[in-house]
>>> print(open('input_28.pdb').read())   # PDB, C-alpha atoms and all ligand atoms
ATOM      1  CA  MET A   1       0.000   0.000   0.000
ATOM      2  CA  LEU A   2       1.292   3.422  -0.961
ATOM      3  CA  PHE A   3       0.279   6.619   0.824
ATOM      4  CA  ASP A   4       1.153   9.982  -0.710
ATOM      5  CA  ILE A   5       0.554  12.850   1.717
ATOM      6  CA  VAL A   6       0.177  16.287   0.135
ATOM      7  CA  THR A   7       0.920  18.952   2.760
ATOM      8  CA  ILE A   8       2.659  22.260   3.396
ATOM      9  CA  PHE A   9       4.261  20.623   6.475
ATOM     10  CA  PRO A  10       6.005  17.492   5.145
ATOM     11  CA  HIS A  11       8.273  17.254   8.212
ATOM     12  CA  PHE A  12       5.267  17.069  10.486
ATOM     13  CA  PHE A  13       5.144  13.372   9.552
ATOM     14  CA  ASP A  14       8.768  12.499  10.329
ATOM     15  CA  SER A  15       8.474  11.404  13.944
ATOM     16  CA  PRO A  16       4.988   9.843  14.052
ATOM     17  CA  LEU A  17       5.923   7.411  11.284
ATOM     18  CA  LYS A  18       9.293   6.424  12.670
ATOM     19  CA  ASP A  19       7.934   4.088  15.368
ATOM     20  CA  GLY A  20       5.576   1.250  16.053
ATOM     21  CA  VAL A  21       3.486  -0.833  13.717
ATOM     22  CA  VAL A  22       3.722   1.634  10.837
ATOM     23  CA  ARG A  23       7.517   1.745  10.922
ATOM     24  CA  ARG A  24       7.752  -2.040  10.929
ATOM     25  CA  ALA A  25       5.408  -2.231   7.945
ATOM     26  CA  ILE A  26       7.523   0.344   6.102
ATOM     27  CA  GLU A  27      10.675  -1.665   6.870
ATOM     28  CA  ALA A  28       8.965  -4.839   5.629
ATOM     29  CA  ALA A  29       8.037  -2.942   2.428
ATOM     30  CA  ILE A  30       4.336  -3.675   2.987
ATOM     31  CA  LEU A  31       3.806   0.036   3.333
ATOM     32  CA  LYS A  32       5.335   3.017   1.615
ATOM     33  CA  ILE A  33       4.587   6.544   2.829
ATOM     34  CA  ARG A  34       5.768   9.575   0.885
ATOM     35  CA  THR A  35       5.258  13.193   1.833
ATOM     36  CA  VAL A  36       4.774  15.652  -0.976
ATOM     37  CA  ASP A  37       5.637  19.280  -0.224
ATOM     38  CA  LEU A  38       2.888  21.374  -1.781
ATOM     39  CA  ARG A  39       5.318  24.303  -2.046
ATOM     40  CA  ASP A  40       7.313  22.343  -4.637
ATOM     41  CA  PHE A  41       4.350  22.865  -6.983
ATOM     42  CA  THR A  42       4.246  26.645  -6.699
ATOM     43  CA  THR A  43       5.807  28.927  -9.320
ATOM     44  CA  ASP A  44       6.235  32.264  -7.509
ATOM     45  CA  ARG A  45       9.287  33.454  -5.627
ATOM     46  CA  HIS A  46       7.555  33.156  -2.257
ATOM     47  CA  ARG A  47       6.191  29.645  -2.954
ATOM     48  CA  THR A  48       2.677  30.826  -2.090
ATOM     49  CA  THR A  49       0.013  28.181  -1.416
ATOM     50  CA  ASP A  50      -2.778  30.447  -0.089
ATOM     51  CA  ASP A  51      -4.632  33.599  -1.081
ATOM     52  CA  ARG A  52      -7.497  35.837   0.070
ATOM     53  CA  PRO A  53     -11.073  34.601  -0.317
ATOM     54  CA  PHE A  54     -13.208  35.968  -3.150
ATOM     55  CA  GLY A  55     -16.155  37.807  -1.623
ATOM     56  CA  GLY A  56     -14.017  38.926   1.308
ATOM     57  CA  GLY A  57     -13.886  37.710   4.854
ATOM     58  CA  GLU A  58     -11.471  36.341   7.406
ATOM     59  CA  GLY A  59      -8.587  34.003   6.737
ATOM     60  CA  MET A  60      -6.954  32.548   3.668
ATOM     61  CA  VAL A  61      -7.862  29.822   1.177
ATOM     62  CA  MET A  62      -5.533  27.236  -0.373
ATOM     63  CA  LYS A  63      -4.894  28.148  -3.995
ATOM     64  CA  PRO A  64      -6.028  25.570  -6.556
ATOM     65  CA  GLU A  65      -2.963  25.535  -8.856
ATOM     66  CA  PRO A  66      -0.368  23.921  -6.521
ATOM     67  CA  ILE A  67      -2.776  21.164  -5.447
ATOM     68  CA  TYR A  68      -3.838  20.553  -9.047
ATOM     69  CA  LYS A  69      -0.209  20.328 -10.221
ATOM     70  CA  ALA A  70       0.796  18.022  -7.381
ATOM     71  CA  LEU A  71      -2.112  15.696  -8.152
ATOM     72  CA  LYS A  72      -1.320  15.734 -11.872
ATOM     73  CA  VAL A  73       2.299  14.695 -11.264
ATOM     74  CA  LEU A  74       1.323  12.060  -8.694
ATOM     75  CA  LYS A  75      -1.411  10.559 -10.867
ATOM     76  CA  GLU A  76       0.936  10.271 -13.843
ATOM     77  CA  GLU A  77       2.792   7.512 -12.035
ATOM     78  CA  PRO A  78       1.231   4.154 -11.262
ATOM     79  CA  PRO A  79      -0.402   2.534  -9.375
ATOM     80  CA  GLU A  80      -3.854   4.056  -9.683
ATOM     81  CA  ALA A  81      -4.780   6.101  -6.629
ATOM     82  CA  ARG A  82      -7.847   7.218  -4.714
ATOM     83  CA  VAL A  83      -7.609  10.958  -3.922
ATOM     84  CA  ILE A  84      -8.829  11.746  -0.396
ATOM     85  CA  LEU A  85      -9.320  15.199   1.103
ATOM     86  CA  LEU A  86      -9.210  15.278   4.898
ATOM     87  CA  SER A  87     -12.027  17.633   5.788
ATOM     88  CA  PRO A  88     -14.599  18.287   8.525
ATOM     89  CA  ARG A  89     -17.193  17.976   5.749
ATOM     90  CA  GLY A  90     -16.189  14.416   4.992
ATOM     91  CA  LYS A  91     -17.778  11.139   5.867
ATOM     92  CA  LEU A  92     -16.712  10.132   9.386
ATOM     93  CA  LEU A  93     -13.941   7.543   9.356
ATOM     94  CA  ASP A  94     -14.991   4.354  11.096
ATOM     95  CA  GLN A  95     -13.580   0.828  11.241
ATOM     96  CA  ALA A  96     -15.687  -0.289   8.264
ATOM     97  CA  MET A  97     -14.364   2.569   6.115
ATOM     98  CA  ALA A  98     -10.788   1.819   7.256
ATOM     99  CA  GLY A  99     -11.328  -1.769   6.130
ATOM    100  CA  GLU A 100     -12.517  -0.672   2.703
ATOM    101  CA  LEU A 101      -9.572   1.701   2.256
ATOM    102  CA  ALA A 102      -7.146  -1.076   3.263
ATOM    103  CA  GLN A 103      -8.237  -2.984   0.139
ATOM    104  CA  LEU A 104      -6.876  -0.244  -2.124
ATOM    105  CA  GLY A 105      -3.335  -0.114  -3.449
ATOM    106  CA  ARG A 106      -2.695   3.604  -3.152
ATOM    107  CA  LEU A 107      -4.189   6.612  -1.372
ATOM    108  CA  ILE A 108      -3.317  10.251  -1.979
ATOM    109  CA  LEU A 109      -4.159  12.219   1.177
ATOM    110  CA  ILE A 110      -4.561  15.976   0.869
ATOM    111  CA  CYS A 111      -4.173  17.991   4.066
ATOM    112  CA  GLY A 112      -5.935  21.335   4.238
ATOM    113  CA  ARG A 113      -4.670  24.390   6.117
ATOM    114  CA  TYR A 114      -6.023  27.936   6.646
ATOM    115  CA  GLU A 115      -9.792  28.024   5.928
ATOM    116  CA  GLY A 116      -9.583  25.059   3.556
ATOM    117  CA  VAL A 117      -9.059  24.416  -0.161
ATOM    118  CA  ASP A 118     -10.597  26.178  -3.159
ATOM    119  CA  GLU A 119     -13.963  24.527  -3.768
ATOM    120  CA  ARG A 120     -13.108  23.738  -7.419
ATOM    121  CA  ILE A 121     -10.439  21.298  -6.264
ATOM    122  CA  ARG A 122     -13.030  19.512  -4.137
ATOM    123  CA  GLU A 123     -15.480  19.366  -7.038
ATOM    124  CA  HIS A 124     -13.131  18.185  -9.759
ATOM    125  CA  CYS A 125     -10.116  16.462  -8.216
ATOM    126  CA  ILE A 126     -11.279  14.627  -5.080
ATOM    127  CA  ASP A 127     -12.671  11.079  -4.963
ATOM    128  CA  LEU A 128     -13.561  11.053  -1.271
ATOM    129  CA  GLU A 129     -13.791  13.502   1.627
ATOM    130  CA  LEU A 130     -13.018  11.983   5.014
ATOM    131  CA  SER A 131     -13.316  13.395   8.534
ATOM    132  CA  VAL A 132     -11.830  11.933  11.712
ATOM    133  CA  GLY A 133     -14.262  13.672  14.059
ATOM    134  CA  ASP A 134     -16.317  16.690  14.957
ATOM    135  CA  TYR A 135     -13.884  19.209  16.428
ATOM    136  CA  VAL A 136     -11.807  22.069  15.049
ATOM    137  CA  LEU A 137      -8.288  21.216  13.862
ATOM    138  CA  SER A 138      -5.632  23.591  12.507
ATOM    139  CA  GLY A 139      -4.954  21.354   9.539
ATOM    140  CA  GLY A 140      -5.620  17.969   7.991
ATOM    141  CA  GLU A 141      -2.198  16.555   8.936
ATOM    142  CA  ILE A 142      -3.222  14.882  12.195
ATOM    143  CA  ALA A 143      -6.327  13.526  10.482
ATOM    144  CA  ALA A 144      -4.089  12.030   7.767
ATOM    145  CA  LEU A 145      -2.043  10.282  10.464
ATOM    146  CA  VAL A 146      -5.224   8.854  11.956
ATOM    147  CA  VAL A 147      -6.253   7.481   8.550
ATOM    148  CA  ILE A 148      -2.785   6.001   7.934
ATOM    149  CA  GLU A 149      -2.746   4.291  11.329
ATOM    150  CA  ALA A 150      -6.283   2.918  11.153
ATOM    151  CA  VAL A 151      -5.929   1.695   7.557
ATOM    152  CA  SER A 152      -2.383   0.304   7.843
ATOM    153  CA  ARG A 153      -3.248  -2.043  10.701
ATOM    154  CA  LEU A 154      -5.809  -3.727   8.455
ATOM    155  CA  ILE A 155      -3.373  -4.503   5.635
ATOM    156  CA  PRO A 156      -2.445  -8.202   5.736
ATOM    157  CA  GLY A 157       1.026  -8.676   7.236
ATOM    158  CA  VAL A 158       1.174  -5.329   9.041
ATOM    159  CA  LEU A 159       0.277  -6.794  12.433
ATOM    160  CA  GLY A 160       1.896  -9.986  13.663
ATOM    161  CA  CYS A 161      -0.558 -12.913  13.498
ATOM    162  CA  GLU A 162      -0.677 -13.229  17.295
ATOM    163  CA  SER A 163      -2.366  -9.804  17.414
ATOM    164  CA  SER A 164      -4.152  -9.917  14.076
ATOM    165  CA  ALA A 165      -6.866  -7.365  13.396
ATOM    166  CA  GLU A 166      -9.389 -10.229  13.230
ATOM    167  CA  ASN A 167      -8.533 -11.124  16.854
ATOM    168  CA  ASP A 168      -9.076  -7.563  18.040
ATOM    169  CA  SER A 169     -12.139  -7.277  20.213
ATOM    170  CA  PHE A 170     -13.190  -4.289  18.141
ATOM    171  CA  SER A 171     -13.744  -6.591  15.175
ATOM    172  CA  ASP A 172     -17.132  -7.440  16.733
ATOM    173  CA  GLY A 173     -17.808  -3.718  17.204
ATOM    174  CA  LEU A 174     -17.828  -3.749  21.021
ATOM    175  CA  LEU A 175     -15.632  -1.931  23.525
ATOM    176  CA  GLU A 176     -12.919  -3.904  25.330
ATOM    177  CA  PHE A 177     -13.565  -5.662  28.633
ATOM    178  CA  PRO A 178     -11.447  -4.394  31.588
ATOM    179  CA  GLN A 179      -7.878  -5.723  31.837
ATOM    180  CA  TYR A 180      -5.798  -6.236  34.980
ATOM    181  CA  THR A 181      -2.255  -7.284  35.685
ATOM    182  CA  ARG A 182      -0.102  -7.835  38.749
ATOM    183  CA  PRO A 183      -0.185  -6.994  41.597
ATOM    184  CA  ARG A 184      -3.544  -8.563  42.470
ATOM    185  CA  ILE A 185      -4.046  -5.870  45.127
ATOM    186  CA  PHE A 186      -2.755  -2.377  44.333
ATOM    187  CA  LYS A 187      -3.310   0.412  46.919
ATOM    188  CA  GLY A 188      -5.958  -1.858  48.421
ATOM    189  CA  TRP A 189      -7.809  -2.016  45.075
ATOM    190  CA  GLU A 190      -8.545  -5.644  44.265
ATOM    191  CA  ILE A 191      -9.102  -7.219  40.874
ATOM    192  CA  PRO A 192     -12.453  -8.915  40.170
ATOM    193  CA  GLU A 193     -12.575 -12.276  41.937
ATOM    194  CA  VAL A 194     -13.715 -14.149  38.808
ATOM    195  CA  LEU A 195     -10.315 -13.582  37.159
ATOM    196  CA  MET A 196      -8.644 -15.652  39.900
ATOM    197  CA  SER A 197     -11.166 -18.510  39.614
ATOM    198  CA  GLY A 198      -9.356 -20.451  36.881
ATOM    199  CA  ASP A 199     -12.821 -21.138  35.435
ATOM    200  CA  HIS A 200     -12.253 -20.213  31.787
ATOM    201  CA  ALA A 201     -15.910 -20.424  30.820
ATOM    202  CA  ARG A 202     -16.931 -18.137  33.683
ATOM    203  CA  ILE A 203     -14.147 -15.702  32.787
ATOM    204  CA  ALA A 204     -15.202 -15.636  29.127
ATOM    205  CA  LYS A 205     -18.832 -15.012  30.108
ATOM    206  CA  TRP A 206     -17.822 -12.221  32.534
ATOM    207  CA  ARG A 207     -15.633 -10.569  29.901
ATOM    208  CA  ARG A 208     -18.358 -10.704  27.275
ATOM    209  CA  GLU A 209     -20.866  -9.178  29.695
ATOM    210  CA  GLN A 210     -18.379  -6.464  30.661
ATOM    211  CA  SER A 211     -17.870  -5.637  26.967
ATOM    212  CA  LEU A 212     -21.603  -5.499  26.366
ATOM    213  CA  GLY A 213     -22.271  -3.482  29.544
ATOM    214  CA  LEU A 214     -19.509  -0.942  28.893
ATOM    215  CA  THR A 215     -20.616  -0.495  25.299
ATOM    216  CA  TYR A 216     -24.224  -0.026  26.416
ATOM    217  CA  GLU A 217     -23.226   2.526  29.092
ATOM    218  CA  GLN A 218     -20.584   4.499  27.173
ATOM    219  CA  ARG A 219     -21.314   4.108  23.452
ATOM    220  CA  PRO A 220     -24.820   2.628  23.010
ATOM    221  CA  GLU A 221     -24.889   3.649  19.320
ATOM    222  CA  LEU A 222     -22.132   1.085  18.647
ATOM    223  CA  LEU A 223     -24.580  -1.699  19.536
ATOM    224  CA  ASN A 224     -26.617  -1.031  16.384
ATOM    225  CA  ARG A 225     -23.779  -2.370  14.247
ATOM    226  CA  ALA A 226     -22.151  -4.839  16.652
ATOM    227  CA  LYS A 227     -22.024  -8.584  16.037
ATOM    228  CA  LEU A 228     -24.427  -9.868  18.691
ATOM    229  CA  ASP A 229     -25.797 -13.344  19.296
ATOM    230  CA  GLU A 230     -29.008 -14.343  21.099
ATOM    231  CA  LYS A 231     -27.266 -14.521  24.498
ATOM    232  CA  ASP A 232     -25.760 -11.043  24.019
ATOM    233  CA  ILE A 233     -29.160  -9.591  23.156
ATOM    234  CA  LYS A 234     -30.759 -11.259  26.159
ATOM    235  CA  TYR A 235     -28.057  -9.850  28.455
ATOM    236  CA  LEU A 236     -28.376  -6.350  26.963
ATOM    237  CA  ARG A 237     -32.174  -6.460  27.398
ATOM    238  CA  SER A 238     -31.618  -7.312  31.085
ATOM    239  CA  LEU A 239     -29.655  -4.029  31.322
ATOM    240  CA  GLY A 240     -32.527  -2.084  29.793
ATOM    241  CA  TRP A 241     -31.333  -1.949  26.172
ATOM    242  CA  GLU A 242     -33.899  -1.666  23.425
ATOM    243  CA  LYS A 243     -32.825  -2.165  19.842
ATOM    244  CA  SER A 244     -33.130   1.090  17.863
TER     245      SER A 244
HETATM  246  N1  LIG A 301     -10.181  21.187   9.752
HETATM  247  C1  LIG A 301     -15.874  22.184  12.163
HETATM  248  C2  LIG A 301     -16.570  23.166  11.444
HETATM  249  C3  LIG A 301     -15.907  24.054  10.639
HETATM  250  C4  LIG A 301     -14.513  23.977  10.515
HETATM  251  C5  LIG A 301     -13.837  23.010  11.213
HETATM  252  C6  LIG A 301     -12.352  22.892  11.090
HETATM  253  C7  LIG A 301      -8.273  22.487   9.015
HETATM  254  C8  LIG A 301      -8.399  23.572   6.771
HETATM  255  C9  LIG A 301     -10.428  22.473   7.685
HETATM  256  C10 LIG A 301     -11.335  19.037  11.190
HETATM  257  C11 LIG A 301     -11.958  17.999  11.860
HETATM  258  C12 LIG A 301     -11.835  16.708  11.429
HETATM  259  C13 LIG A 301      -9.853  16.876   8.522
HETATM  260  C14 LIG A 301     -14.500  22.108  12.019
HETATM  261  C15 LIG A 301     -10.476  17.491   9.593
HETATM  262  C16 LIG A 301     -10.577  18.813  10.042
HETATM  263  C17 LIG A 301     -11.095  16.471  10.290
HETATM  264  C18 LIG A 301      -9.942  19.931   9.302
HETATM  265  C19 LIG A 301      -7.780  23.611   8.150
HETATM  266  C20 LIG A 301      -9.910  23.617   6.864
HETATM  267  C21 LIG A 301      -9.793  22.426   9.079
HETATM  268  C22 LIG A 301     -18.123  21.411  12.969
HETATM  269  C23 LIG A 301     -16.317  19.785  12.693
HETATM  270  C24 LIG A 301     -16.221  21.448  14.515
HETATM  271  C25 LIG A 301     -10.298  23.593   9.928
HETATM  272  C26 LIG A 301     -16.635  21.227  13.069
HETATM  273  N2  LIG A 301     -10.853  15.292   9.650
HETATM  274  N3  LIG A 301     -11.718  23.595  10.109
HETATM  275  O1  LIG A 301     -11.736  22.155  11.828
HETATM  276  O2  LIG A 301      -9.261  19.748   8.309
HETATM  277  O3  LIG A 301     -10.110  15.558   8.597
END
>>> encode(input="input_28.pdb", output="C-alpha cells")
Amino acid sequence: MLFDIVTIFPHFFDSPLKDGVVRRAIEAAILKIRTVDLRDFTTDRHRTTDDRPFGGGEGMVMKPEPIYKALKVLKEEPPEARVILLSPRGKLLDQAMAGELAQLGRLILICGRYEGVDERIREHCIDLELSVGDYVLSGGEIAALVVIEAVSRLIPGVLGCESSAENDSFSDGLLEFPQYTRPRIFKGWEIPEVLMSGDHARIAKWRREQSLGLTYEQRPELLNRAKLDEKDIKYLRSLGWEKS
C-alpha cells in the first residue's frame, strides 16, 4: 500500500511514522509513505500556497494551482490512486471505512490548512472527503495520520498474526472488557474475583458481559452495528437496552 501525503508541512510526519506498527510495515516494504511538499508545486518566488477569499472575509484559502499540479504529477505515475481530502465535511472515518480503504493499493491524502481548499479542487479532483471527528483542527495533517494508522493495521502482514486485526475485540464492534495485571491488590484495590477462579468459561462469560455493559453505558450507538448473538441480546435487554 502506498500513501502519498500532500501537505505544506512534510516534516510534520517524520516522527509519528518512525515508530511502532507503521515503521515495521515500512521496513517490511508492505507500506510506503511519501510526503509531498505542496510548495514544490508553486511557481512564484515566495512559494505561495494560499490567497485571500473571493467575496471577502477572514482568513486565507488554499490556492487551486499547486494542489492541481501536485495531483497531476502524482497521478501520472502508477499505481492508480484514490484521492482523499481530509475535511470536517467528509464522511466520518470508522472501522468499516478503514477496512474498505485497506483494500486499495494507493491513497493520496490531501491535508488542508487555513480556511480550507478552493472549492473547485473539491469538485473536480477529489474522490472522497473523510473526517476523523467533529472538532476544530488547525490542519488535515493529524487527520491524515489517523487514517494512515487505522488503515495500515488492516493490511495483511502489518500486524503480527498473534495480534491480528481479526482477533481484536473491536472486530465485533464492542468496547474492550477491563484488563488487569499484577499486583492482584494495588493500593488496596482488588481485581475482580472471577479472574482468579481459573474457570475459563466463567471468565469468558464475565468478559463478554463487561464488553456489552460498557458499550451499552458508554457508546450505546455502537450496539446497532455490533455482532451480537441471542445470548448477548438477552443480556443487553436485562440491562434495559432496546434495539433502535
Ligand atoms: N479542519 C468544524 C466546522 C468548521 C470547521 C472546522 C475545522 C483544518 C483547513 C479544515 C477538522 C476535523 C476533522 C480533517 C471544524 C479534519 C478537520 C477532520 C480539518 C484547516 C480547513 C480544518 C463542525 C467539525 C467542529 C479547519 C466542526 N478530519 N476547520 O476544523 O481539516 O479531517
>>> residues_around(input="input_28.pdb", residues="stretch 176-193 of chain A", least_positions_apart="4", cutoff="10 Å", atoms="all atoms listed in the file", output="list in words")
Asp168, Ser169, Phe170, Ser197, Ile203, Trp206, Arg207, Arg208, Glu209, Gln210, Ser211, Leu212, Gly213, Leu214 and Thr215 of chain A
>>> residues_near_ligand(input="input_28.pdb", ligand="ligand LIG 301 (chain A)", cutoff="6 Å", atoms="only C-alpha atoms and all ligand atoms", output="PyMOL selection string")
chain A and resi 86-88+112-116+130-140+143
>>> closest_residue(input="input_28.pdb", among="A:Asp19, A:Glu149, A:Leu107, A:Tyr216", to="A:Ser238", atoms="all atoms listed in the file")
A:Tyr216
>>> atom_distance(input="input_28.pdb", atom1="atom CA of A:Arg24", atom2="atom CA of A:Pro10")
20.4 Å
>>> resolve_selection(input="input_28.pdb", expression="the PyMOL selection byres (((chain A and resi 158) around 10) and not hetatm)", output="number ranges by chain")
A: 21-26, 28-31, 152-157, 159-161, 164-165
>>> axis_aligned_box(input="input_28.pdb", around="stretch 143-153 of chain A", padding_each_side="5 Å", output="AutoDock Vina command-line options")
--center_x -4.2 --center_y 5.7 --center_z 9.8 --size_x 14.3 --size_y 25.6 --size_z 14.4
>>> resolve_selection(input="input_28.pdb", expression="the PyMOL selection byres (((chain A and resi 47) around 12) and not hetatm)", output="VMD selection string")
chain A and resid 8 37 to 46 48 to 51 63 65 to 66
>>> write_last_selection(input="input_28.pdb", atoms="C-alpha atoms", output="PDB file, keeping the file's coordinate frame")
ATOM      1  CA  ILE A   8       2.659  22.260   3.396  1.00  0.00           C
ATOM      2  CA  ASP A  37       5.637  19.280  -0.224  1.00  0.00           C
ATOM      3  CA  LEU A  38       2.888  21.374  -1.781  1.00  0.00           C
ATOM      4  CA  ARG A  39       5.318  24.303  -2.046  1.00  0.00           C
ATOM      5  CA  ASP A  40       7.313  22.343  -4.637  1.00  0.00           C
ATOM      6  CA  PHE A  41       4.350  22.865  -6.983  1.00  0.00           C
ATOM      7  CA  THR A  42       4.246  26.645  -6.699  1.00  0.00           C
ATOM      8  CA  THR A  43       5.807  28.927  -9.320  1.00  0.00           C
ATOM      9  CA  ASP A  44       6.235  32.264  -7.509  1.00  0.00           C
ATOM     10  CA  ARG A  45       9.287  33.454  -5.627  1.00  0.00           C
ATOM     11  CA  HIS A  46       7.555  33.156  -2.257  1.00  0.00           C
ATOM     12  CA  THR A  48       2.677  30.826  -2.090  1.00  0.00           C
ATOM     13  CA  THR A  49       0.013  28.181  -1.416  1.00  0.00           C
ATOM     14  CA  ASP A  50      -2.778  30.447  -0.089  1.00  0.00           C
ATOM     15  CA  ASP A  51      -4.632  33.599  -1.081  1.00  0.00           C
ATOM     16  CA  LYS A  63      -4.894  28.148  -3.995  1.00  0.00           C
ATOM     17  CA  GLU A  65      -2.963  25.535  -8.856  1.00  0.00           C
ATOM     18  CA  PRO A  66      -0.368  23.921  -6.521  1.00  0.00           C
TER      19      PRO A  66
END
>>> atom_distance(input="input_28.pdb", atom1="atom CA of A:Ile5", atom2="atom CA of A:Gly57")
28.9 Å
